[in-house]
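A.B. asks: Attaching a single structure in structure tokens format; questions to follow.
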Amino acid sequence: MGICHIKPSIQLLFNIYNDVQVRVEILGALGSMEADVQVVTGLNNWLKLQNDRFRSGLEVEQQVIAEAVVTLGELGDSSSFPIVFSTGSAKYSDDITYKANLALKNLEGSYSQSLIEVIKTSVPADKLAALKLAIIDDEMSIEEKGNLFKTALETGVISKVDIDEATMRELRYSAVRQLTQLKWADASDLVIEHFNQVSVEYERGIAPKSSVLEAISCLGAMGTHEAASRLTLYLEFMNSYMENGQEIDLQISLAVIVNIGIIGDSIAFDHLLYSGYLDYPASVKRAAREALNSLKSR
């Protein structure tokens, strides 16, 4: 397949010569040229086609693809970011992934913002790959990471249920872990919505209990009145279960109360106090007393 819309002489050479080495040399020549919109667009389109072919199980020339990635990095146009990123996450080979990640850093524009665009617009597998790349990036600022993780959570929360549900859940769960570490309060409303979703997923046997506990910890890390209100509502729900002699999960109940104490919002006072009169295990009652003390000390 030829590179479309590239200068006629280069396009003709690329179309005529199917020899891998010749194609690699042509791409090397393109990389040394001044960036041209037609050249970049044509090479982007060609590489996207190769990615589609590879994902469909068709044969592709990986050596040529590796050189195409390097060439796009040298040309440096920001329009190449989603295509190069998708190439890196397509699992061709370690060599292509490495070259793709290097090329991404050489492209114009904000690296973190480009990853955000991948999370917003690409297929679920690429969204998750972009998030994972940001997690291990040591050069990205705290603010850049916070905004990116928030976008990942938002994308996961609003995604349609028929679009690769497992990957989109993993996107949410991973984003929540990172937001907890950063204590990124700007994501508080989204974390609440995630908690609502993961609670339902847990009840349906879709999500593990660990994901519920992580969501509760993230609410505590947000430290906002809204997060405290949502945890307090859950405590009220637990108290009503205890009143009716129904069982509740010990780990979840402890996590809710501990994180209410971490936030320290007085909105929880009455429900924490009341929990001391119910038939909770001693460990839960002790946690409730400690949470009450944290409210009184504020």
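Following the order of the structure tokens, chains are lettered A, B, ..., residues in each are numbered from 1, and ligands are numbered from 1.
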As a list in words, please: the residues near Phe54 (chain A) (cut-off 10 Å, only C-alpha atoms, same-chain neighbours under 6 positions excluded).
C.D. replies: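 In the requested form, the answer reads Lys48, Val60, Glu61, Gln62, Thr87, Ala90, Lys91 and Tyr92 of chain A.
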A.B. asks: So which residues touch region 100-109 of chain A within 7 Å, counting only C-alpha atoms, skipping near sequence neighbours fewer than 4 positions away, as a list in words?
C.D. replies: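 Counting only the stated atoms, we get Val69, Val70, Gly73, Gly76, Asp77, Ser78, Phe81, Val84, Phe85, Thr87, Gly88 and Ile96 of chain A.
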A.B. asks: Which residues in region 44-195 of chain A does DSSP call helix (DSSP H, G or I)? List them as a PyMOL selection string.
C.D. replies: chain A and resi 44-55+62-75+78-89+94-106+111-121+124-135+142-158+165-182+185-195
A.B. asks: Would you mind reading off the distance between CA of Arg204 (chain A) and CA of Asp279 (chain A), one decimal, in Å?
C.D. replies: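 Calculated distance between CA of Arg204 (chain A) and CA of Asp279 (chain A) is 26.8 Å.
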A.B. asks: So, counting only C-alpha atoms, which residue among A:Gln50, A:Ser56, A:Ser141, A:Pro124 is closest to Gly156 (chain A)?
C.D. replies: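 Checking each candidate against Gly156 (chain A), we get A:Pro124 as the closest.
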A.B. asks: Please report as CSV every residue of region 142-185 of chain A lying within 8 Å of region 129-135 of chain A, along with the nearest atom pair and their distance in Å (one decimal), using only C-alpha atoms.
C.D. replies:
```
residue,atom,partner,partner_atom,distance
A:Lys145,CA,A:Ala134,CA,6.9
A:Leu148,CA,A:Leu131,CA,7.7
A:Phe149,CA,A:Leu131,CA,7.2
A:Ala152,CA,A:Leu131,CA,7.1
A:Leu171,CA,A:Leu131,CA,7.6
A:Ala175,CA,A:Leu131,CA,7.6
A:Gln178,CA,A:Ile135,CA,7.8
```
A.B. asks: Any idea what the distance is between CA of Leu273 (chain A) and CA of Val200 (chain A)?
C.D. replies: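 Interatomic distance here is 27.3 Å.
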A.B. asks: What's the separation between CA of Leu153 (chain A) and CA of Glu193 (chain A), in Å to one decimal place?
C.D. replies: 9.7 Å
A.B. asks: Need to verify the contact set: Met238 (chain A), 10 Å, only C-alpha atoms, exclusion of same-chain residues closer than 5 positions in sequence. Can you return it as an mmCIF file with C-alpha atoms, in the first residue's frame?
C.D. replies:
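Resulting contents of around.cif:
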```cif
data_model
loop_
_atom_site.group_PDB
_atom_site.id
_atom_site.type_symbol
_atom_site.label_atom_id
_atom_site.label_comp_id
_atom_site.auth_asym_id
_atom_site.auth_seq_id
_atom_site.Cartn_x
_atom_site.Cartn_y
_atom_site.Cartn_z
ATOM 1 C CA THR A 232 -22.312 9.650 55.706
ATOM 2 C CA LEU A 233 -25.232 8.558 53.541
ATOM 3 C CA GLU A 243 -31.258 -1.885 63.112
ATOM 4 C CA GLN A 246 -29.112 -7.607 58.644
ATOM 5 C CA GLU A 247 -25.470 -8.446 58.025
ATOM 6 C CA ILE A 248 -22.993 -5.925 56.708
ATOM 7 C CA ASP A 249 -19.435 -6.371 55.533
ATOM 8 C CA ILE A 252 -16.465 -2.001 54.158
ATOM 9 C CA SER A 253 -18.098 -0.653 57.307
ATOM 10 C CA VAL A 256 -16.477 4.020 55.579
ATOM 11 C CA HIS A 271 -24.815 8.918 62.458
ATOM 12 C CA SER A 275 -23.683 3.670 65.445
ATOM 13 C CA TYR A 280 -21.711 -3.475 65.525
#
```
A.B. asks: For Leu295 (chain A), which residue out of A:Asp270, A:Glu25, A:Asp265, A:Asp36 is the nearest one, using only C-alpha atoms?
C.D. replies: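 Ranking A:Asp270, A:Glu25, A:Asp265, A:Asp36 by distance to Leu295 (chain A), first place goes to A:Asp265.
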A.B. asks: Excluding region 29-33 of chain A and any residue of its chain fewer than 6 positions from it, enumerate the residues within 8 Å of it, using only C-alpha atoms, and give them as a list in words.
C.D. replies: Val70, Thr71, Leu72, Glu74 and Leu75 of chain A
A.B. asks: Which is closest to Gln197 (chain A) among A:Ala287, A:Met242, A:Met222, A:Ile158, if we use only C-alpha atoms?
C.D. replies: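 For Gln197 (chain A), the nearest of the given residues is A:Ile158.
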A.B. asks: Please identify all polymer residues within 10 Å of Val24 (chain A), counting only C-alpha atoms, omitting same-chain residues fewer than 3 positions from it, and present them as a VMD selection string.
C.D. replies: chain A and resid 14 19 to 21 27 to 30 63 to 68 71
A.B. asks: Nearest residue to Ala268 (chain A) out of A:Ser89, A:Asn244, A:Ser283, A:Asn293, using only C-alpha atoms?
C.D. replies: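 Of A:Ser89, A:Asn244, A:Ser283, A:Asn293, the one nearest Ala268 (chain A) is A:Asn293, counting only C-alpha atoms.
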A.B. asks: Could you list, as number ranges by chain, every residue within 8 Å of Gly146 (chain A), counting only C-alpha atoms and ignoring same-chain residues fewer than 5 positions away?
C.D. replies: A: 179, 182, 184
A.B. asks: So which one's closest to Glu154 (chain A), A:Ile116, A:Leu43, A:Ala288, A:Ile260? Using only C-alpha atoms, please.
C.D. replies: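 Among the listed residues, A:Ile116 lies closest to Glu154 (chain A).
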